[in-house]
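Here's the structure, in structure tokens; my notes come after.
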Amino acid sequence: MSQHAVGPRAVSRSVAFLLTAGVLAVPALAGCGSEDPAGKPLAGQDIQPAARDRITDGGTLRWAVDSVPDTLNTFQSDADATTNRVAQAVLPSMFRMNADGRPERNPAYLESAKVVETEPKQVVLYKLDQQAVWSDGREIGAADFAAQWRALSGKDTAYWTARNAGYDRIQKIERGDNALEVRVTFSRTYADWRSLFSPLYPKDVMGTPDSFNDGARKKLKVTAGPFMVKKLSRKNEEITLTRNPRWWGRPAKLSEIVLRTVPRDKRAKELAAGTLDLAEIAPSEARRITVAARPRGSSSPVMGPEADQKPRKKAARHARQQQALRGFEVRKSLEPAFTQLALNGAEGPLADERVRRAVARALDREELAEAVLKPLGLPAVPVGSHLALSGQAAYADNSGALGGQDTKEAQALLADAGWVRGGPIKEQKKKGEKAAGAEGEKAGKSSEDESGNDDGEYIVGSDGKALRDEDPDHLAQDGKQYKQPHQGGVPGAYAPMGTAAPAGREAAPLAKNGKPLTLRFVLPSGPGSQTLRTVADRIARMLERVGIGTEISKVSDESYFKDHIASGQYDLALYSWPASAFPATDARPVYAKPVPAADGSLNVEQNYTRVGTDQVDQLFDQAVATLDEGESRSLIRKADSRIWAAAGSIPLFQRPQLIAARKNLVNTGAFGLGAPVYEDMGFLKKGLKPAAGPSAKGSATP
């Protein structure tokens, strides 16, 4: 779900799920022994690290982004990944993520930060770097901390804030013994206090509702990072960052960073044309760049959309692009985000926990992870936690609370829930009637319409329909991380009517009370959604083996979350959640038990499966209220085990991160779980070559 060093955490945790308390016995938690169950990140940073004395002074980095954001205020609901990227470069962050995805003190702003009192109240004392100043020359201090607290506390509804978590626990903020000290007193103990004031905006932005709501949407007059915002042009669709002359840290090596909006399907062309230096790319483009970089005379065929049997001019243009792409390399890691399968337990068959567990036990998560990640040369390890990723402090593989793939167990759970193979089925709808959503296509019709689009609906598991062969490109990544609402998608087709069922499959479907066991599998249909589509096809095939049918309905990106996920109009869905270093704060709204609102509706927060448990809520509450870090991690892991047992959402795999970078560009690329260090980015001096060997060893040396 992009880098996540700063920016809205609770908001950027775009979409995920949880479910009812299971009656399963929760096994002993991992981590009771001496070995740390958190482990290490599955993939490190791949940024071509280089010492600063090897980097030229100056130069412009042209970096592709998905959009020019509607706001530069990360605490507003329409902030996006580019908002966060700008904030990382131009604003203070008291703590930032290291390569293991854990928060560490940012020495450019803090000499120290620690809890100095616990009774009668928790008090955190921040000691600021004595050189830390805003770009207008004013010292960073308690007034800025206090303004941000008041704006984000939730007490003044005139502030249009997207999140208040943590700030609502602060009782007061005051100056310490001198101007460099800030004392923050909490009304309630808060374990995740390191999540606060990252980023920190100046009091000029946070001081009044008007300045908060509108003042930082299109410009940031006052900043305090290695860079500052020079220009935001919606006409040219780019943001220009330039060196901050008042920056007191290590001087930025680059003169400028230009964040340019470039559609993902145009990025290879822009790279070849020399108008980009750095861009997140799709697997097909990554393969093109990898092939282009091979020594001349390689026997490997040149792959690309304009190769093989194309007109001579197009082939020549493709060859020129391949030659230009020799100056780039692919840097790869795994994003701080994971893709998961959501099961809506609010109604229908999945309201029965036994059916949800049957779905989960039917899945071969190892196969799904391998299908997506192995072709990219990335570790194909399923994610074992809803609340953290491998390497992060709270991580432990708690999937044993539910159990692995087991066809017989899945079938036994379904039988126990009353679903009978070959039971009588009443006619549910007229022939040709749409099965799921206004954009679903008629069942029994090819999912590709006459215009060649593959939007629509098809059914797997009820009439022996086959699945189309998988394109390796479709297995790699879905491009964008979802934010409510956002993007996603599943190519699929089926054999003609009457095609024989796969060998060994029992012909009769599962049924109960005259209805077949068929689940609505809703997916977005936009570009960049190929991974979701292919993964959905594989999941449908796995479910078919235990007798569960699926109606796959592809809907527009614009309506996916608003009209389907948020409104509960689905049984199964795929999308991604960013991981958080502060799960006690950030994950709670995703897994909290929905409660009735005053108007009779159900307040689900971000729990789009609409089923929660009091026990999980209590574990989150306990984890966020203890300052014993070991105890907090243990409570988070217990909560995760119970979320697994409820089978409301099934983590699948960590999202791949593929970055095309100019070969002489260093200290940037695939950052993995860590945060970028903007002042160290730059181009190697002429005559110097990148260090030999893998570039995923860490960040630059000071």
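Each chain in the structure tokens gets a letter, A, B and so on, in the order shown; residues start at 1 in every chain, and ligands are counted from 1 in the order they appear.
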
**OP:** Do a neighbour search on A:Ala540 at 8 Å with only C-alpha atoms, toss out local chain neighbours closer than 2 positions, and write the hits as a ChimeraX atom specification.
**Re:** /A:460-461,536-538,542-544,549-550

**OP:** With a distance cut-off of 10 Å and only C-alpha atoms, select the neighbouring residues of A:Gly418, excluding the residue or stretch itself and same-chain residues fewer than 2 positions from it, and output the selection as number ranges by chain.
**Re:** A: 354-355, 412-416, 420-421, 510-513

Per residue of stretch 552-637 of chain A within 9 Å of stretch 91-104 of chain A, what are the shortest atom pair and its distance in Å to one decimal, counting only C-alpha atoms, with rows by chain and residue number, as JSON lines?
```
{"residue": "A:Ala579", "atom": "CA", "partner": "A:Gly101", "partner_atom": "CA", "distance": 9.0}
{"residue": "A:Ser580", "atom": "CA", "partner": "A:Gly101", "partner_atom": "CA", "distance": 8.2}
{"residue": "A:Ala581", "atom": "CA", "partner": "A:Arg102", "partner_atom": "CA", "distance": 5.9}
{"residue": "A:Phe582", "atom": "CA", "partner": "A:Pro103", "partner_atom": "CA", "distance": 9.0}
```

Once you have the residues from the selection above, write them out as an mmCIF file, in the first residue's frame, restricted to all heavy atoms.
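Result saved to again_18.cif:
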```cif
data_model
loop_
_atom_site.group_PDB
_atom_site.id
_atom_site.type_symbol
_atom_site.label_atom_id
_atom_site.label_comp_id
_atom_site.auth_asym_id
_atom_site.auth_seq_id
_atom_site.Cartn_x
_atom_site.Cartn_y
_atom_site.Cartn_z
ATOM 1 N N ALA A 579 0.905 -2.479 6.123
ATOM 2 C CA ALA A 579 1.267 -2.909 7.472
ATOM 3 C C ALA A 579 1.640 -1.694 8.300
ATOM 4 O O ALA A 579 2.078 -0.676 7.773
ATOM 5 C CB ALA A 579 2.431 -3.887 7.424
ATOM 6 N N SER A 580 1.490 -1.800 9.605
ATOM 7 C CA SER A 580 1.775 -0.695 10.499
ATOM 8 C C SER A 580 2.754 -1.133 11.570
ATOM 9 O O SER A 580 2.702 -2.268 12.048
ATOM 10 C CB SER A 580 0.487 -0.192 11.160
ATOM 11 O OG SER A 580 0.773 0.718 12.204
ATOM 12 N N ALA A 581 3.646 -0.220 11.942
ATOM 13 C CA ALA A 581 4.526 -0.472 13.082
ATOM 14 C C ALA A 581 3.783 -0.266 14.397
ATOM 15 O O ALA A 581 4.335 -0.548 15.463
ATOM 16 C CB ALA A 581 5.740 0.452 13.015
ATOM 17 N N PHE A 582 2.527 0.221 14.315
ATOM 18 C CA PHE A 582 1.738 0.527 15.508
ATOM 19 C C PHE A 582 0.370 -0.147 15.417
ATOM 20 O O PHE A 582 -0.673 0.512 15.362
ATOM 21 C CB PHE A 582 1.591 2.044 15.654
ATOM 22 C CG PHE A 582 2.889 2.785 15.586
ATOM 23 C CD1 PHE A 582 3.257 3.464 14.438
ATOM 24 C CD2 PHE A 582 3.764 2.782 16.667
ATOM 25 C CE1 PHE A 582 4.460 4.140 14.364
ATOM 26 C CE2 PHE A 582 4.976 3.459 16.601
ATOM 27 C CZ PHE A 582 5.333 4.139 15.454
#
```

Subject >> All residues 7 Å or closer to stretch 381-391 of chain A, only C-alpha atoms, same chain fewer than 3 positions away omitted, as an NGL selection string >> reply: :A and (38-42 or 100-101 or 365-366 or 369 or 394-399 or 579-580 or 583 or 587 or 640 or 651-654)

Residues of the last selection are to be written out with N, CA, C and O atoms, as a compact mmCIF listing (two decimals), in the first residue's frame.
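The new file selection.txt reads:
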```
# COMPACT_ATOMS: atom_id res chain seq x y z
N ALA A 38 9.49 -12.54 15.49
CA ALA A 38 9.37 -11.48 14.48
C ALA A 38 10.26 -11.73 13.29
O ALA A 38 9.93 -11.35 12.16
N GLY A 39 11.41 -12.36 13.51
CA GLY A 39 12.30 -12.68 12.41
C GLY A 39 12.86 -11.46 11.72
O GLY A 39 12.97 -10.37 12.30
N LYS A 40 13.19 -11.63 10.45
CA LYS A 40 13.74 -10.56 9.62
C LYS A 40 12.81 -10.32 8.43
O LYS A 40 12.02 -11.19 8.07
N PRO A 41 12.89 -9.15 7.81
CA PRO A 41 12.08 -8.94 6.60
C PRO A 41 12.37 -10.01 5.56
O PRO A 41 13.52 -10.45 5.42
N LEU A 42 11.35 -10.43 4.85
CA LEU A 42 11.54 -11.46 3.83
C LEU A 42 12.44 -10.97 2.71
O LEU A 42 13.15 -11.75 2.09
N ASP A 100 13.87 -2.72 9.02
CA ASP A 100 13.04 -3.80 9.56
C ASP A 100 11.59 -3.37 9.78
O ASP A 100 10.80 -4.13 10.35
N GLY A 101 11.25 -2.16 9.37
CA GLY A 101 9.89 -1.69 9.56
C GLY A 101 9.58 -1.32 10.99
O GLY A 101 8.42 -1.36 11.42
N ARG A 365 -2.28 -21.36 0.51
CA ARG A 365 -1.66 -20.03 0.51
C ARG A 365 -0.24 -20.08 -0.04
O ARG A 365 0.22 -19.10 -0.64
N GLU A 366 0.45 -21.19 0.16
CA GLU A 366 1.80 -21.30 -0.40
C GLU A 366 1.76 -21.24 -1.93
O GLU A 366 2.58 -20.59 -2.57
N ALA A 369 1.13 -17.62 -3.03
CA ALA A 369 2.32 -16.78 -2.87
C ALA A 369 3.36 -17.10 -3.94
O ALA A 369 3.98 -16.21 -4.53
N ALA A 394 5.95 -6.78 16.19
CA ALA A 394 4.77 -7.54 16.62
C ALA A 394 4.52 -8.79 15.80
O ALA A 394 3.58 -9.53 16.07
N TYR A 395 5.37 -9.06 14.80
CA TYR A 395 5.09 -10.19 13.91
C TYR A 395 5.30 -11.53 14.59
O TYR A 395 6.25 -11.74 15.34
N ALA A 396 4.41 -12.44 14.32
CA ALA A 396 4.57 -13.86 14.61
C ALA A 396 3.61 -14.58 13.67
O ALA A 396 2.53 -14.07 13.36
N ASP A 397 3.99 -15.74 13.20
CA ASP A 397 3.12 -16.51 12.33
C ASP A 397 2.08 -17.23 13.20
O ASP A 397 2.37 -18.24 13.84
N ASN A 398 0.89 -16.67 13.23
CA ASN A 398 -0.20 -17.21 14.05
C ASN A 398 -1.23 -17.97 13.23
O ASN A 398 -2.31 -18.27 13.73
N SER A 399 -0.88 -18.30 11.97
CA SER A 399 -1.86 -18.96 11.11
C SER A 399 -2.25 -20.34 11.62
O SER A 399 -3.29 -20.88 11.23
N ALA A 579 0.90 -2.48 6.12
CA ALA A 579 1.27 -2.91 7.47
C ALA A 579 1.64 -1.69 8.30
O ALA A 579 2.08 -0.68 7.77
N SER A 580 1.49 -1.80 9.61
CA SER A 580 1.77 -0.69 10.50
C SER A 580 2.75 -1.13 11.57
O SER A 580 2.70 -2.27 12.05
N PRO A 583 0.34 -1.49 15.40
CA PRO A 583 -0.93 -2.19 15.17
C PRO A 583 -1.96 -1.98 16.27
O PRO A 583 -3.16 -2.03 15.99
N ALA A 587 -4.55 -0.93 13.65
CA ALA A 587 -5.33 -2.09 13.22
C ALA A 587 -6.67 -2.21 13.93
O ALA A 587 -7.56 -2.92 13.46
N ASP A 640 -4.10 -11.42 17.18
CA ASP A 640 -3.97 -11.94 15.82
C ASP A 640 -4.39 -13.41 15.75
O ASP A 640 -5.06 -13.83 14.80
N PRO A 651 -4.78 -13.45 5.22
CA PRO A 651 -3.60 -12.87 4.59
C PRO A 651 -2.99 -13.86 3.60
O PRO A 651 -2.86 -15.06 3.90
N LEU A 652 -2.59 -13.36 2.44
CA LEU A 652 -2.05 -14.24 1.40
C LEU A 652 -0.54 -14.02 1.21
O LEU A 652 0.26 -14.88 1.53
N PHE A 653 -0.16 -12.86 0.69
CA PHE A 653 1.25 -12.63 0.38
C PHE A 653 1.56 -11.15 0.48
O PHE A 653 0.69 -10.29 0.35
N GLN A 654 2.84 -10.87 0.75
CA GLN A 654 3.30 -9.49 0.76
C GLN A 654 3.39 -9.00 -0.67
O GLN A 654 3.80 -9.74 -1.58
```

Between stretch 576-661 of chain A and stretch 53-75 of chain A, at 12 Å or less, what are the per-residue closest atom pairs and their distances in Å? Count only C-alpha atoms, order by chain and rising residue number, and return it as CSV.
```
residue,atom,partner,partner_atom,distance
A:Ile659,CA,A:Ala64,CA,10.3
A:Ala660,CA,A:Ala64,CA,10.1
A:Ala661,CA,A:Trp63,CA,9.4
```

**OP:** Grab the atom CA of A:Asp614 to atom CA of A:Ala646 distance for me, in Å with one decimal place.
**Re:**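 Here the two named atoms are 12.4 Å from each other.
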
Subject >> Residues near A:Gln122, cut-off 9 Å, only C-alpha atoms, skip fewer than 6 positions along chain, as a list in words >> reply: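 Listing them by chain and then by number gives Val115, Val116, Val184, Thr185, Phe186, Ser187, Arg188, Thr189 and Tyr190 of chain A.
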
Based on the backbone DSSP call, show me all residues of stretch 38-92 of chain A assigned helix (DSSP H, G or I), as a PDB file with C-alpha atoms, in the first residue's frame.
```
ATOM      1  CA  ARG A  52      28.083  10.359   0.079  1.00  0.00           C
ATOM      2  CA  ASP A  53      31.607  11.140  -1.137  1.00  0.00           C
ATOM      3  CA  ARG A  54      30.889   9.065  -4.269  1.00  0.00           C
ATOM      4  CA  ALA A  81       0.838   8.158  -1.471  1.00  0.00           C
ATOM      5  CA  THR A  82       2.280  11.260  -3.156  1.00  0.00           C
ATOM      6  CA  THR A  83       1.138  13.386  -0.205  1.00  0.00           C
ATOM      7  CA  ASN A  84       3.158  11.094   2.025  1.00  0.00           C
ATOM      8  CA  ARG A  85       6.178  11.180  -0.276  1.00  0.00           C
ATOM      9  CA  VAL A  86       6.262  14.974  -0.210  1.00  0.00           C
ATOM     10  CA  ALA A  87       5.846  15.011   3.571  1.00  0.00           C
ATOM     11  CA  GLN A  88       8.769  12.625   3.981  1.00  0.00           C
ATOM     12  CA  ALA A  89      11.034  15.012   2.087  1.00  0.00           C
ATOM     13  CA  VAL A  90       9.956  18.375   3.478  1.00  0.00           C
TER      14      VAL A  90
END
```

**OP:** Report as an MDAnalysis selection string: the residues of stretch 128-332 of chain A with a DSSP assignment of strand (DSSP E), based on the backbone of this structure.
**Re:** chainID A and resid 128 170:175 181:186 227:233 238:243 256:261 278:280 328:332

Could you dump the residues just selected with N, CA, C and O atoms as a compact mmCIF listing (two decimals), in the first residue's frame?
```txt
# COMPACT_ATOMS: atom_id res chain seq x y z
N LEU A 128 14.68 18.37 21.37
CA LEU A 128 14.87 18.66 19.95
C LEU A 128 16.31 19.02 19.64
O LEU A 128 17.04 19.55 20.49
N ILE A 170 -3.92 12.70 24.61
CA ILE A 170 -3.04 13.71 25.20
C ILE A 170 -3.84 14.65 26.10
O ILE A 170 -4.93 15.11 25.72
N GLN A 171 -3.31 14.94 27.25
CA GLN A 171 -3.95 15.87 28.18
C GLN A 171 -3.43 17.29 28.03
O GLN A 171 -4.20 18.25 28.02
N LYS A 172 -2.12 17.43 27.87
CA LYS A 172 -1.55 18.77 27.69
C LYS A 172 -0.16 18.66 27.09
O LYS A 172 0.50 17.62 27.17
N ILE A 173 0.27 19.75 26.47
CA ILE A 173 1.63 19.87 25.92
C ILE A 173 2.20 21.19 26.40
O ILE A 173 1.54 22.23 26.31
N GLU A 174 3.41 21.15 26.89
CA GLU A 174 4.03 22.37 27.42
C GLU A 174 5.53 22.35 27.15
O GLU A 174 6.13 21.30 26.87
N ARG A 175 6.10 23.53 27.26
CA ARG A 175 7.54 23.66 27.12
C ARG A 175 8.23 23.05 28.34
O ARG A 175 7.71 23.08 29.45
N GLU A 181 12.97 21.65 24.72
CA GLU A 181 12.27 20.54 25.35
C GLU A 181 10.76 20.69 25.23
O GLU A 181 10.22 21.78 25.42
N VAL A 182 10.10 19.57 24.92
CA VAL A 182 8.64 19.53 24.81
C VAL A 182 8.14 18.41 25.71
O VAL A 182 8.55 17.25 25.56
N ARG A 183 7.27 18.74 26.66
CA ARG A 183 6.67 17.75 27.56
C ARG A 183 5.24 17.45 27.12
O ARG A 183 4.41 18.36 27.01
N VAL A 184 4.99 16.18 26.86
CA VAL A 184 3.66 15.74 26.45
C VAL A 184 3.09 14.86 27.55
O VAL A 184 3.65 13.80 27.86
N THR A 185 2.00 15.30 28.16
CA THR A 185 1.34 14.55 29.24
C THR A 185 0.08 13.90 28.69
O THR A 185 -0.75 14.56 28.05
N PHE A 186 -0.07 12.61 28.94
CA PHE A 186 -1.20 11.85 28.42
C PHE A 186 -2.27 11.67 29.50
O PHE A 186 -1.96 11.44 30.67
N PHE A 227 14.40 19.08 1.79
CA PHE A 227 13.82 19.73 0.60
C PHE A 227 12.63 20.59 1.03
O PHE A 227 12.12 20.48 2.13
N MET A 228 12.20 21.44 0.13
CA MET A 228 11.02 22.26 0.32
C MET A 228 10.23 22.26 -0.98
O MET A 228 10.77 21.95 -2.05
N VAL A 229 8.94 22.58 -0.89
CA VAL A 229 8.09 22.58 -2.08
C VAL A 229 8.33 23.86 -2.86
O VAL A 229 8.08 24.96 -2.37
N LYS A 230 8.83 23.70 -4.06
CA LYS A 230 9.08 24.85 -4.93
C LYS A 230 7.85 25.20 -5.76
O LYS A 230 7.47 26.37 -5.89
N LYS A 231 7.20 24.15 -6.30
CA LYS A 231 6.06 24.41 -7.19
C LYS A 231 5.19 23.18 -7.28
O LYS A 231 5.68 22.05 -7.35
N LEU A 232 3.88 23.39 -7.25
CA LEU A 232 2.91 22.34 -7.53
C LEU A 232 2.09 22.78 -8.73
O LEU A 232 1.38 23.78 -8.67
N SER A 233 2.20 22.06 -9.82
CA SER A 233 1.51 22.41 -11.06
C SER A 233 0.52 21.31 -11.42
O SER A 233 0.92 20.21 -11.82
N GLU A 238 2.81 17.85 -12.00
CA GLU A 238 4.07 17.55 -11.33
C GLU A 238 4.29 18.47 -10.14
O GLU A 238 3.72 19.56 -10.05
N ILE A 239 5.10 17.99 -9.20
CA ILE A 239 5.50 18.74 -8.03
C ILE A 239 7.02 18.83 -8.03
O ILE A 239 7.70 17.81 -8.19
N THR A 240 7.54 20.03 -7.86
CA THR A 240 8.99 20.22 -7.83
C THR A 240 9.43 20.53 -6.41
O THR A 240 8.94 21.47 -5.78
N LEU A 241 10.35 19.72 -5.91
CA LEU A 241 10.97 19.93 -4.61
C LEU A 241 12.40 20.43 -4.83
O LEU A 241 13.10 19.93 -5.71
N THR A 242 12.81 21.39 -4.04
CA THR A 242 14.16 21.94 -4.18
C THR A 242 14.85 21.94 -2.83
O THR A 242 14.20 21.86 -1.78
N ARG A 243 16.17 22.04 -2.82
CA ARG A 243 16.92 22.04 -1.58
C ARG A 243 16.44 23.13 -0.63
O ARG A 243 16.14 24.24 -1.05
N GLU A 256 17.20 19.09 -7.11
CA GLU A 256 15.74 19.06 -7.21
C GLU A 256 15.24 17.63 -7.34
O GLU A 256 15.95 16.75 -7.84
N ILE A 257 14.01 17.45 -6.91
CA ILE A 257 13.26 16.22 -7.17
C ILE A 257 11.95 16.62 -7.83
O ILE A 257 11.21 17.44 -7.28
N VAL A 258 11.70 16.10 -9.01
CA VAL A 258 10.46 16.39 -9.73
C VAL A 258 9.59 15.14 -9.70
O VAL A 258 9.97 14.09 -10.25
N LEU A 259 8.45 15.23 -9.03
CA LEU A 259 7.49 14.14 -8.96
C LEU A 259 6.49 14.32 -10.10
O LEU A 259 5.67 15.23 -10.07
N ARG A 260 6.58 13.47 -11.11
CA ARG A 260 5.77 13.61 -12.32
C ARG A 260 4.69 12.54 -12.37
O ARG A 260 4.95 11.36 -12.12
N THR A 261 3.48 12.96 -12.71
CA THR A 261 2.39 12.01 -12.89
C THR A 261 2.57 11.30 -14.23
O THR A 261 2.54 11.93 -15.29
N LEU A 278 13.34 7.30 -12.27
CA LEU A 278 12.92 6.36 -11.24
C LEU A 278 11.41 6.15 -11.35
O LEU A 278 10.66 7.13 -11.43
N ALA A 279 10.96 4.89 -11.34
CA ALA A 279 9.53 4.63 -11.49
C ALA A 279 9.19 3.24 -10.99
O ALA A 279 9.92 2.28 -11.26
N GLU A 280 8.08 3.15 -10.27
CA GLU A 280 7.52 1.84 -9.96
C GLU A 280 6.88 1.29 -11.22
O GLU A 280 6.16 2.02 -11.92
N PHE A 328 19.06 1.29 -17.45
CA PHE A 328 18.26 1.12 -16.23
C PHE A 328 18.42 -0.29 -15.68
O PHE A 328 18.87 -1.21 -16.37
N GLU A 329 18.05 -0.44 -14.42
CA GLU A 329 18.00 -1.74 -13.79
C GLU A 329 16.74 -1.83 -12.96
O GLU A 329 16.14 -0.81 -12.60
N VAL A 330 16.35 -3.05 -12.62
CA VAL A 330 15.17 -3.27 -11.79
C VAL A 330 15.63 -3.54 -10.36
O VAL A 330 16.43 -4.44 -10.12
N ARG A 331 15.13 -2.73 -9.43
CA ARG A 331 15.39 -2.93 -8.02
C ARG A 331 14.10 -3.44 -7.38
O ARG A 331 13.04 -2.85 -7.60
N LYS A 332 14.21 -4.51 -6.64
CA LYS A 332 12.98 -5.16 -6.18
C LYS A 332 13.06 -5.53 -4.71
O LYS A 332 14.10 -5.85 -4.16
```

**OP:** Determine the nearest neighbour of A:Pro375 from the options A:Ala337, A:Ala162, A:Ala286, A:Ala351, counting only C-alpha atoms.
**Re:**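 Ranking A:Ala337, A:Ala162, A:Ala286, A:Ala351 by distance to A:Pro375, first place goes to A:Ala286.
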
Subject >> Pick from A:Leu688, A:Leu665, A:Leu402, A:Leu325 nearest to A:Ala645, counting only C-alpha atoms >> reply: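 Closest to A:Ala645, using only C-alpha atoms: A:Leu402.
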
Original post:
Which one is closest to A:Gln530: A:Thr157, A:Ser284, A:Ser632, A:Ser112? Count only C-alpha atoms.
Top reply: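 Closest to A:Gln530, using only C-alpha atoms: A:Ser284.
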
Original post:
At what distance in Å, to one decimal, does atom CA of A:Ala342 lie from atom CA of A:Ile650?
Top reply: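 Computing it gives 6.6 Å between the two atoms.
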
Original post:
For A:Arg246, which of A:Asp177, A:Asp156, A:Asp406, A:Glu139 is the closest residue, counting only C-alpha atoms?
Top reply: A:Glu139

Original post:
Using only C-alpha atoms, which residues sit within 7 Å of stretch 588-605 of chain A once same-chain residues fewer than 2 positions away are excluded, as a list in words?
Top reply: Ala16, Phe17, Leu18, Ala584, Thr585, Asp586, Asn607, Tyr608, Arg610, Val611, Gly612, Thr613, Asp614, Asp617 and Phe620 of chain A

**OP:** Name the closest residue to A:Gln321 among the candidates A:Ala371, A:Glu270, A:Thr339, A:Ala358; distances are taken between atoms, counting only C-alpha atoms.
**Re:**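 Of A:Ala371, A:Glu270, A:Thr339, A:Ala358, the one nearest A:Gln321 is A:Glu270, counting only C-alpha atoms.
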